[in-house]
$ cat run.txt   # compact mmCIF, N, CA and C atoms
# COMPACT_ATOMS: atom_id res chain seq x y z
N GLU A 2 2.24 -79.40 34.18
CA GLU A 2 2.79 -80.75 34.22
C GLU A 2 3.42 -81.11 32.86
N VAL A 3 4.66 -81.53 32.90
CA VAL A 3 5.36 -81.94 31.68
C VAL A 3 4.79 -83.27 31.20
N GLN A 4 4.40 -83.31 29.95
CA GLN A 4 3.90 -84.56 29.37
C GLN A 4 4.52 -84.79 28.01
N LEU A 5 4.85 -86.05 27.75
CA LEU A 5 5.38 -86.46 26.45
C LEU A 5 4.61 -87.70 26.01
N GLN A 6 4.15 -87.68 24.79
CA GLN A 6 3.36 -88.78 24.25
C GLN A 6 4.06 -89.30 23.00
N ALA A 7 4.60 -90.50 23.11
CA ALA A 7 5.28 -91.12 21.96
C ALA A 7 4.30 -92.00 21.20
N SER A 8 4.39 -91.97 19.89
CA SER A 8 3.52 -92.80 19.05
C SER A 8 4.24 -93.11 17.75
N GLY A 9 3.64 -94.01 16.97
CA GLY A 9 4.17 -94.32 15.65
C GLY A 9 4.86 -95.66 15.54
N GLY A 10 4.99 -96.37 16.64
CA GLY A 10 5.62 -97.67 16.57
C GLY A 10 4.74 -98.69 15.86
N GLY A 11 5.31 -99.87 15.65
CA GLY A 11 4.55 -100.92 14.99
C GLY A 11 5.45 -102.06 14.58
N LEU A 12 4.88 -102.95 13.79
CA LEU A 12 5.60 -104.11 13.27
C LEU A 12 5.95 -103.84 11.81
N VAL A 13 7.21 -104.03 11.47
CA VAL A 13 7.67 -103.75 10.12
C VAL A 13 8.72 -104.79 9.74
N GLN A 14 8.81 -105.08 8.46
CA GLN A 14 9.83 -105.99 7.99
C GLN A 14 11.17 -105.28 7.88
N ALA A 15 12.23 -106.04 7.94
CA ALA A 15 13.57 -105.47 7.77
C ALA A 15 13.64 -104.71 6.45
N GLY A 16 14.25 -103.53 6.53
CA GLY A 16 14.32 -102.66 5.36
C GLY A 16 13.21 -101.63 5.29
N GLY A 17 12.20 -101.79 6.13
CA GLY A 17 11.08 -100.87 6.13
C GLY A 17 11.35 -99.61 6.94
N SER A 18 10.33 -98.77 7.03
CA SER A 18 10.45 -97.47 7.70
C SER A 18 9.29 -97.23 8.65
N LEU A 19 9.57 -96.45 9.66
CA LEU A 19 8.55 -95.94 10.58
C LEU A 19 8.92 -94.51 10.95
N ARG A 20 7.92 -93.73 11.31
CA ARG A 20 8.17 -92.40 11.84
C ARG A 20 7.52 -92.29 13.21
N LEU A 21 8.35 -92.09 14.20
CA LEU A 21 7.87 -91.89 15.56
C LEU A 21 7.63 -90.40 15.79
N ALA A 22 6.64 -90.11 16.62
CA ALA A 22 6.34 -88.73 16.99
C ALA A 22 6.31 -88.62 18.51
N CYS A 23 6.84 -87.54 19.01
CA CYS A 23 6.81 -87.25 20.45
C CYS A 23 6.11 -85.90 20.61
N VAL A 24 4.86 -85.96 21.01
CA VAL A 24 4.07 -84.73 21.21
C VAL A 24 4.22 -84.30 22.67
N THR A 25 4.62 -83.06 22.86
CA THR A 25 4.90 -82.58 24.21
C THR A 25 3.90 -81.51 24.63
N SER A 26 3.73 -81.36 25.92
CA SER A 26 2.87 -80.32 26.47
C SER A 26 3.27 -80.04 27.90
N GLY A 27 2.80 -78.90 28.41
CA GLY A 27 3.04 -78.58 29.81
C GLY A 27 4.34 -77.86 30.09
N PHE A 28 5.08 -77.53 29.05
CA PHE A 28 6.32 -76.79 29.25
C PHE A 28 6.64 -75.99 28.00
N THR A 29 7.55 -75.05 28.16
CA THR A 29 7.98 -74.24 27.02
C THR A 29 8.93 -75.06 26.17
N PHE A 30 8.48 -75.40 24.98
CA PHE A 30 9.18 -76.36 24.13
C PHE A 30 10.63 -75.96 23.91
N ASP A 31 10.90 -74.70 23.68
CA ASP A 31 12.25 -74.26 23.36
C ASP A 31 13.19 -74.29 24.55
N GLN A 32 12.67 -74.55 25.74
CA GLN A 32 13.51 -74.61 26.93
C GLN A 32 14.00 -76.02 27.23
N TYR A 33 13.63 -76.98 26.39
CA TYR A 33 13.98 -78.37 26.65
C TYR A 33 14.60 -79.02 25.42
N THR A 34 15.61 -79.83 25.66
CA THR A 34 16.12 -80.74 24.64
C THR A 34 15.29 -82.02 24.67
N ILE A 35 15.02 -82.59 23.52
CA ILE A 35 14.28 -83.85 23.44
C ILE A 35 15.18 -84.94 22.89
N GLY A 36 15.13 -86.08 23.53
CA GLY A 36 15.92 -87.22 23.08
C GLY A 36 15.05 -88.44 22.87
N TRP A 37 15.55 -89.36 22.07
CA TRP A 37 14.92 -90.66 21.86
C TRP A 37 15.84 -91.74 22.41
N PHE A 38 15.23 -92.72 23.06
CA PHE A 38 15.95 -93.82 23.67
C PHE A 38 15.20 -95.10 23.37
N ARG A 39 15.88 -96.22 23.50
CA ARG A 39 15.19 -97.48 23.31
C ARG A 39 15.67 -98.50 24.34
N GLN A 40 14.80 -99.47 24.57
CA GLN A 40 15.11 -100.49 25.57
C GLN A 40 14.52 -101.81 25.14
N VAL A 41 15.31 -102.86 25.34
CA VAL A 41 14.81 -104.22 25.13
C VAL A 41 14.88 -104.94 26.47
N PRO A 42 14.04 -105.95 26.66
CA PRO A 42 14.04 -106.65 27.95
C PRO A 42 15.42 -107.19 28.31
N GLY A 43 15.81 -106.96 29.55
CA GLY A 43 17.09 -107.48 30.03
C GLY A 43 18.28 -106.60 29.74
N LYS A 44 18.04 -105.50 29.05
CA LYS A 44 19.15 -104.60 28.72
C LYS A 44 18.86 -103.20 29.25
N VAL A 45 19.92 -102.42 29.41
CA VAL A 45 19.74 -101.05 29.86
C VAL A 45 19.18 -100.19 28.74
N ARG A 46 18.53 -99.12 29.16
CA ARG A 46 18.01 -98.20 28.18
C ARG A 46 19.16 -97.48 27.49
N GLU A 47 19.13 -97.43 26.17
CA GLU A 47 20.23 -96.84 25.44
C GLU A 47 19.77 -95.60 24.66
N ASP A 48 20.72 -94.70 24.50
CA ASP A 48 20.42 -93.49 23.73
C ASP A 48 20.39 -93.82 22.25
N VAL A 49 19.50 -93.14 21.55
CA VAL A 49 19.36 -93.31 20.10
C VAL A 49 19.70 -92.01 19.38
N SER A 50 19.05 -90.91 19.81
CA SER A 50 19.23 -89.64 19.12
C SER A 50 18.72 -88.52 20.01
N CYS A 51 19.23 -87.31 19.77
CA CYS A 51 18.69 -86.14 20.43
C CYS A 51 18.91 -84.93 19.53
N ILE A 52 18.19 -83.85 19.84
CA ILE A 52 18.28 -82.66 19.01
C ILE A 52 18.35 -81.44 19.92
N SER A 53 19.29 -80.57 19.60
CA SER A 53 19.49 -79.36 20.40
C SER A 53 18.35 -78.38 20.19
N ASN A 54 17.94 -77.73 21.28
CA ASN A 54 16.92 -76.70 21.18
C ASN A 54 17.53 -75.31 20.96
N ILE A 55 18.83 -75.26 20.82
CA ILE A 55 19.49 -73.98 20.52
C ILE A 55 19.68 -73.82 19.02
N ASP A 56 20.32 -74.82 18.41
CA ASP A 56 20.69 -74.68 17.01
C ASP A 56 20.23 -75.83 16.14
N GLY A 57 19.46 -76.76 16.72
CA GLY A 57 18.96 -77.87 15.93
C GLY A 57 19.99 -78.92 15.60
N SER A 58 21.19 -78.81 16.18
CA SER A 58 22.19 -79.83 15.93
C SER A 58 21.72 -81.16 16.50
N THR A 59 22.22 -82.22 15.94
CA THR A 59 21.70 -83.54 16.27
C THR A 59 22.81 -84.50 16.68
N TYR A 60 22.39 -85.53 17.38
CA TYR A 60 23.27 -86.63 17.76
C TYR A 60 22.57 -87.93 17.39
N TYR A 61 23.36 -88.90 16.91
CA TYR A 61 22.85 -90.25 16.64
C TYR A 61 23.84 -91.26 17.18
N THR A 62 23.31 -92.30 17.80
CA THR A 62 24.19 -93.38 18.16
C THR A 62 24.70 -94.04 16.88
N GLU A 63 25.86 -94.65 16.97
CA GLU A 63 26.54 -95.12 15.76
C GLU A 63 25.69 -96.10 14.95
N SER A 64 24.96 -96.95 15.62
CA SER A 64 24.23 -98.00 14.91
C SER A 64 23.08 -97.48 14.06
N VAL A 65 22.64 -96.24 14.29
CA VAL A 65 21.52 -95.70 13.51
C VAL A 65 21.95 -94.57 12.59
N THR A 66 23.19 -94.16 12.69
CA THR A 66 23.67 -93.06 11.85
C THR A 66 23.52 -93.41 10.38
N GLY A 67 22.94 -92.46 9.64
CA GLY A 67 22.70 -92.69 8.22
C GLY A 67 21.35 -93.32 7.92
N ARG A 68 20.67 -93.80 8.94
CA ARG A 68 19.36 -94.44 8.74
C ARG A 68 18.22 -93.67 9.43
N PHE A 69 18.51 -93.07 10.57
CA PHE A 69 17.49 -92.35 11.33
C PHE A 69 17.71 -90.85 11.19
N VAL A 70 16.60 -90.10 11.23
CA VAL A 70 16.67 -88.64 11.19
C VAL A 70 15.74 -88.08 12.24
N ILE A 71 16.27 -87.23 13.12
CA ILE A 71 15.46 -86.58 14.15
C ILE A 71 15.17 -85.14 13.70
N SER A 72 13.97 -84.66 14.03
CA SER A 72 13.61 -83.30 13.65
C SER A 72 12.64 -82.72 14.68
N ARG A 73 12.56 -81.39 14.70
CA ARG A 73 11.67 -80.69 15.62
C ARG A 73 10.68 -79.84 14.84
N ASP A 74 9.44 -79.81 15.28
CA ASP A 74 8.43 -78.91 14.74
C ASP A 74 7.96 -78.04 15.91
N THR A 75 8.51 -76.82 15.98
CA THR A 75 8.19 -75.98 17.13
C THR A 75 6.74 -75.52 17.12
N ALA A 76 6.13 -75.43 15.95
CA ALA A 76 4.72 -75.03 15.88
C ALA A 76 3.81 -76.08 16.50
N LYS A 77 4.24 -77.33 16.46
CA LYS A 77 3.43 -78.43 16.99
C LYS A 77 3.98 -78.99 18.30
N ASN A 78 5.06 -78.40 18.81
CA ASN A 78 5.71 -78.92 20.03
C ASN A 78 5.98 -80.42 19.92
N THR A 79 6.48 -80.82 18.79
CA THR A 79 6.64 -82.23 18.49
C THR A 79 8.04 -82.50 17.94
N VAL A 80 8.59 -83.63 18.35
CA VAL A 80 9.86 -84.11 17.80
C VAL A 80 9.59 -85.44 17.10
N TYR A 81 10.16 -85.58 15.93
CA TYR A 81 9.97 -86.79 15.13
C TYR A 81 11.27 -87.59 15.05
N LEU A 82 11.12 -88.88 14.87
CA LEU A 82 12.26 -89.74 14.56
C LEU A 82 11.88 -90.58 13.36
N GLN A 83 12.43 -90.21 12.22
CA GLN A 83 12.21 -90.98 10.99
C GLN A 83 13.23 -92.12 10.97
N MET A 84 12.72 -93.33 10.90
CA MET A 84 13.59 -94.51 10.95
C MET A 84 13.48 -95.26 9.64
N ASN A 85 14.58 -95.31 8.93
CA ASN A 85 14.62 -95.96 7.63
C ASN A 85 15.52 -97.18 7.67
N ASN A 86 15.32 -98.08 6.71
CA ASN A 86 16.13 -99.30 6.62
C ASN A 86 16.21 -99.98 7.99
N LEU A 87 15.08 -100.18 8.59
CA LEU A 87 15.04 -100.78 9.92
C LEU A 87 15.56 -102.21 9.89
N GLN A 88 16.25 -102.57 10.96
CA GLN A 88 16.83 -103.90 11.11
C GLN A 88 16.32 -104.55 12.39
N PRO A 89 16.37 -105.88 12.47
CA PRO A 89 15.88 -106.56 13.68
C PRO A 89 16.52 -106.03 14.97
N ASP A 90 17.76 -105.60 14.93
CA ASP A 90 18.41 -105.05 16.13
C ASP A 90 17.81 -103.72 16.57
N ASP A 91 16.99 -103.11 15.74
CA ASP A 91 16.31 -101.87 16.13
C ASP A 91 15.07 -102.14 16.97
N THR A 92 14.70 -103.39 17.12
CA THR A 92 13.52 -103.75 17.90
C THR A 92 13.67 -103.30 19.35
N GLY A 93 12.60 -102.75 19.89
CA GLY A 93 12.59 -102.34 21.29
C GLY A 93 11.46 -101.38 21.56
N VAL A 94 11.36 -100.96 22.79
CA VAL A 94 10.42 -99.91 23.15
C VAL A 94 11.16 -98.59 23.05
N TYR A 95 10.60 -97.68 22.30
CA TYR A 95 11.22 -96.37 22.07
C TYR A 95 10.54 -95.34 22.95
N TYR A 96 11.36 -94.60 23.68
CA TYR A 96 10.89 -93.56 24.57
C TYR A 96 11.42 -92.21 24.13
N CYS A 97 10.60 -91.18 24.28
CA CYS A 97 11.12 -89.84 24.16
C CYS A 97 11.17 -89.24 25.57
N ALA A 98 12.08 -88.30 25.73
CA ALA A 98 12.30 -87.71 27.05
C ALA A 98 12.76 -86.27 26.89
N ALA A 99 12.56 -85.49 27.95
CA ALA A 99 12.88 -84.06 27.93
C ALA A 99 13.97 -83.74 28.93
N ASP A 100 14.93 -82.97 28.48
CA ASP A 100 16.07 -82.53 29.29
C ASP A 100 15.97 -81.01 29.41
N GLN A 101 15.69 -80.52 30.61
CA GLN A 101 15.49 -79.09 30.79
C GLN A 101 16.80 -78.34 30.61
N GLY A 102 16.73 -77.24 29.88
CA GLY A 102 17.93 -76.46 29.63
C GLY A 102 18.19 -76.36 28.16
N GLN A 103 19.05 -75.43 27.81
CA GLN A 103 19.38 -75.22 26.40
C GLN A 103 20.79 -75.72 26.19
N TRP A 104 20.89 -76.79 25.38
CA TRP A 104 22.17 -77.47 25.23
C TRP A 104 22.55 -77.62 23.78
N THR A 105 23.81 -77.31 23.51
CA THR A 105 24.39 -77.71 22.24
C THR A 105 25.83 -78.08 22.48
N PRO A 106 26.24 -79.31 22.16
CA PRO A 106 25.36 -80.35 21.62
C PRO A 106 24.36 -80.86 22.65
N CYS A 107 23.32 -81.52 22.18
CA CYS A 107 22.36 -82.10 23.11
C CYS A 107 23.04 -83.19 23.92
N ARG A 108 22.51 -83.45 25.11
CA ARG A 108 23.12 -84.43 26.00
C ARG A 108 22.53 -85.80 25.71
N ARG A 109 23.37 -86.76 25.48
CA ARG A 109 22.94 -88.04 24.95
C ARG A 109 22.50 -89.06 26.00
N TYR A 110 22.93 -88.91 27.23
CA TYR A 110 22.74 -89.99 28.20
C TYR A 110 21.40 -89.87 28.93
N PRO A 111 20.74 -91.03 29.15
CA PRO A 111 19.40 -91.01 29.76
C PRO A 111 19.34 -90.31 31.12
N PHE A 112 20.42 -90.36 31.90
CA PHE A 112 20.33 -89.81 33.26
C PHE A 112 20.21 -88.29 33.28
N PHE A 113 20.42 -87.65 32.14
CA PHE A 113 20.22 -86.20 32.06
C PHE A 113 18.74 -85.84 31.93
N TYR A 114 17.90 -86.79 31.56
CA TYR A 114 16.52 -86.52 31.18
C TYR A 114 15.59 -86.82 32.36
N ASP A 115 14.81 -85.83 32.75
CA ASP A 115 13.96 -85.95 33.93
C ASP A 115 12.54 -86.40 33.61
N ASP A 116 12.06 -86.11 32.42
CA ASP A 116 10.67 -86.37 32.10
C ASP A 116 10.60 -87.31 30.89
N TRP A 117 9.78 -88.35 31.03
CA TRP A 117 9.73 -89.42 30.05
C TRP A 117 8.30 -89.68 29.58
N GLY A 118 8.18 -90.05 28.32
CA GLY A 118 6.91 -90.52 27.79
C GLY A 118 6.73 -91.99 28.09
N GLN A 119 5.62 -92.55 27.62
CA GLN A 119 5.25 -93.91 27.99
C GLN A 119 5.88 -94.97 27.10
N GLY A 120 6.46 -94.61 25.98
CA GLY A 120 7.09 -95.58 25.11
C GLY A 120 6.18 -96.10 24.03
N THR A 121 6.78 -96.45 22.90
CA THR A 121 6.05 -97.06 21.79
C THR A 121 6.88 -98.23 21.27
N GLN A 122 6.22 -99.36 21.04
CA GLN A 122 6.92 -100.58 20.65
C GLN A 122 7.24 -100.57 19.16
N VAL A 123 8.49 -100.88 18.85
CA VAL A 123 8.93 -101.07 17.48
C VAL A 123 9.44 -102.50 17.35
N THR A 124 8.88 -103.23 16.41
CA THR A 124 9.30 -104.61 16.18
C THR A 124 9.66 -104.76 14.70
N VAL A 125 10.88 -105.21 14.47
CA VAL A 125 11.36 -105.39 13.11
C VAL A 125 11.60 -106.88 12.88
N SER A 126 10.89 -107.44 11.92
CA SER A 126 11.03 -108.86 11.63
C SER A 126 12.05 -109.05 10.50
N SER A 127 12.73 -110.19 10.58
CA SER A 127 13.76 -110.48 9.58
C SER A 127 13.18 -111.19 8.37

$ encode --input "run.txt" --output "structure tokens"
Amino acid sequence: EVQLQASGGGLVQAGGSLRLACVTSGFTFDQYTIGWFRQVPGKVREDVSCISNIDGSTYYTESVTGRFVISRDTAKNTVYLQMNNLQPDDTGVYYCAADQGQWTPCRRYPFFYDDWGQGTQVTVSS
């Protein structure tokens, strides 16, 4: 059974940092691309970042480029999202998800991802 466990969210002031972790199990890590997405009430889930399982290439949505860094630790079957200089617009529930297949570049849109974690809340105060 594919499982993804997102953690690391919390409440932080604008300008602060958080590191999210997505611990995966139940599948061969190198056979899946992992992406991060976020959602706020009343809005559609939006893509944030993803990382290729072929060459480690990355994608970032424009609003987080230069502030967020995604990385993979294959020894721990974990993908991280380091979030720096957080802003109130970054507030939302952050989900990690798995896209089966080996892709480069990684696929950014949520509908490509079949397996989802439970989400972790990130709140940025102004």

$ residues_around --input "run.txt" --residues "Ser127 in chain A" --least-positions-apart "3" --cutoff "12 Å" --atoms "only C-alpha atoms" --output "list of chain:residue names"
A:Leu12, A:Val13, A:Gln14, A:Ala15, A:Gly16, A:Gly17, A:Asn86, A:Leu87, A:Gln88, A:Pro89, A:Asp90, A:Asp91, A:Thr92, A:Thr124

$ select_by_dssp --input "run.txt" --residues "chain A" --states "helix (DSSP H, G or I)" --output "ChimeraX atom specification"
/A:30-32,63-65,89-91,111-113

$ closest_residue --input "run.txt" --among "A:Pro111, A:Gly27, A:Gly67, A:Pro42" --to "Gln4 in chain A" --atoms "only N, CA and C atoms"
A:Gly27

$ select_by_dssp --input "run.txt" --residues "chain A" --states "strand (DSSP E or B)" --output "ChimeraX atom specification"
/A:4-8,11-14,19-26,33-40,47-52,59-61,69-74,79-84,93-101,116-117,121-126

$ atom_distance --input "run.txt" --atom1 "CA of Cys51 in chain A" --atom2 "CA of Thr29 in chain A"
17.3 Å

$ closest_residue --input "run.txt" --among "A:Ile52, A:Ala22, A:Val65, A:Met84" --to "Ile35 in chain A" --atoms "all atoms listed in the file"
A:Ile52

$ closest_residue --input "run.txt" --among "A:Asn85, A:Arg73, A:Thr59, A:Thr34" --to "Leu19 in chain A" --atoms "only N, CA and C atoms"
A:Asn85

$ atom_distance --input "run.txt" --atom1 "atom C of Ile55 in chain A" --atom2 "CA of Gly118 in chain A"
22.8 Å

$ closest_residue --input "run.txt" --among "A:Thr79, A:Thr62, A:Gln101, A:Ser126" --to "Ser26 in chain A" --atoms "only N, CA and C atoms"
A:Thr79

$ build_atoms --input "run.txt" --residues "range 87-98 of chain A" --atoms "all heavy atoms" --output "compact mmCIF listing (two decimals), in the coordinates of the input"
# COMPACT_ATOMS: atom_id res chain seq x y z
N LEU A 87 15.08 -100.18 8.59
CA LEU A 87 15.04 -100.78 9.92
C LEU A 87 15.56 -102.21 9.89
O LEU A 87 15.34 -102.95 8.92
CB LEU A 87 13.62 -100.74 10.47
CG LEU A 87 13.20 -99.37 11.01
CD1 LEU A 87 11.68 -99.26 11.07
CD2 LEU A 87 13.81 -99.13 12.38
N GLN A 88 16.25 -102.57 10.96
CA GLN A 88 16.83 -103.90 11.11
C GLN A 88 16.32 -104.55 12.39
O GLN A 88 15.89 -103.85 13.32
CB GLN A 88 18.34 -103.78 11.13
CG GLN A 88 18.95 -103.17 9.88
CD GLN A 88 18.62 -103.97 8.62
OE1 GLN A 88 18.75 -105.20 8.61
NE2 GLN A 88 18.18 -103.27 7.57
N PRO A 89 16.37 -105.88 12.47
CA PRO A 89 15.88 -106.56 13.68
C PRO A 89 16.52 -106.03 14.97
O PRO A 89 15.85 -106.00 16.01
CB PRO A 89 16.26 -108.02 13.42
CG PRO A 89 16.18 -108.15 11.94
CD PRO A 89 16.71 -106.84 11.40
N ASP A 90 17.76 -105.60 14.93
CA ASP A 90 18.41 -105.05 16.13
C ASP A 90 17.81 -103.72 16.57
O ASP A 90 18.12 -103.24 17.68
CB ASP A 90 19.91 -104.87 15.90
CG ASP A 90 20.66 -106.19 15.96
OD1 ASP A 90 20.06 -107.20 16.41
OD2 ASP A 90 21.84 -106.22 15.56
N ASP A 91 16.99 -103.11 15.74
CA ASP A 91 16.31 -101.87 16.13
C ASP A 91 15.07 -102.14 16.97
O ASP A 91 14.44 -101.21 17.48
CB ASP A 91 15.90 -101.07 14.89
CG ASP A 91 17.09 -100.59 14.08
OD1 ASP A 91 18.08 -100.15 14.68
OD2 ASP A 91 17.03 -100.67 12.83
N THR A 92 14.70 -103.39 17.12
CA THR A 92 13.52 -103.75 17.90
C THR A 92 13.67 -103.30 19.35
O THR A 92 14.73 -103.46 19.95
CB THR A 92 13.29 -105.27 17.84
OG1 THR A 92 12.94 -105.62 16.49
CG2 THR A 92 12.18 -105.71 18.78
N GLY A 93 12.60 -102.75 19.89
CA GLY A 93 12.59 -102.34 21.29
C GLY A 93 11.46 -101.38 21.56
O GLY A 93 10.70 -101.03 20.65
N VAL A 94 11.36 -100.96 22.79
CA VAL A 94 10.42 -99.91 23.15
C VAL A 94 11.16 -98.59 23.05
O VAL A 94 12.22 -98.41 23.66
CB VAL A 94 9.86 -100.10 24.57
CG1 VAL A 94 8.92 -98.95 24.92
CG2 VAL A 94 9.15 -101.43 24.68
N TYR A 95 10.60 -97.68 22.30
CA TYR A 95 11.22 -96.37 22.07
C TYR A 95 10.54 -95.34 22.95
O TYR A 95 9.31 -95.23 22.96
CB TYR A 95 11.12 -95.99 20.61
CG TYR A 95 12.13 -96.70 19.74
CD1 TYR A 95 12.02 -98.07 19.51
CD2 TYR A 95 13.21 -96.01 19.18
CE1 TYR A 95 12.97 -98.73 18.74
CE2 TYR A 95 14.15 -96.66 18.41
CZ TYR A 95 14.02 -98.02 18.19
OH TYR A 95 14.97 -98.68 17.42
N TYR A 96 11.36 -94.60 23.68
CA TYR A 96 10.89 -93.56 24.57
C TYR A 96 11.42 -92.21 24.13
O TYR A 96 12.58 -92.11 23.70
CB TYR A 96 11.39 -93.81 26.00
CG TYR A 96 10.93 -95.10 26.63
CD1 TYR A 96 11.66 -96.28 26.48
CD2 TYR A 96 9.77 -95.13 27.39
CE1 TYR A 96 11.24 -97.46 27.07
CE2 TYR A 96 9.34 -96.31 27.99
CZ TYR A 96 10.09 -97.47 27.82
OH TYR A 96 9.67 -98.63 28.41
N CYS A 97 10.60 -91.18 24.28
CA CYS A 97 11.12 -89.84 24.16
C CYS A 97 11.17 -89.24 25.57
O CYS A 97 10.41 -89.63 26.45
CB CYS A 97 10.28 -88.97 23.22
SG CYS A 97 8.55 -88.75 23.65
N ALA A 98 12.08 -88.30 25.73
CA ALA A 98 12.30 -87.71 27.05
C ALA A 98 12.76 -86.27 26.89
O ALA A 98 13.29 -85.88 25.84
CB ALA A 98 13.34 -88.51 27.82
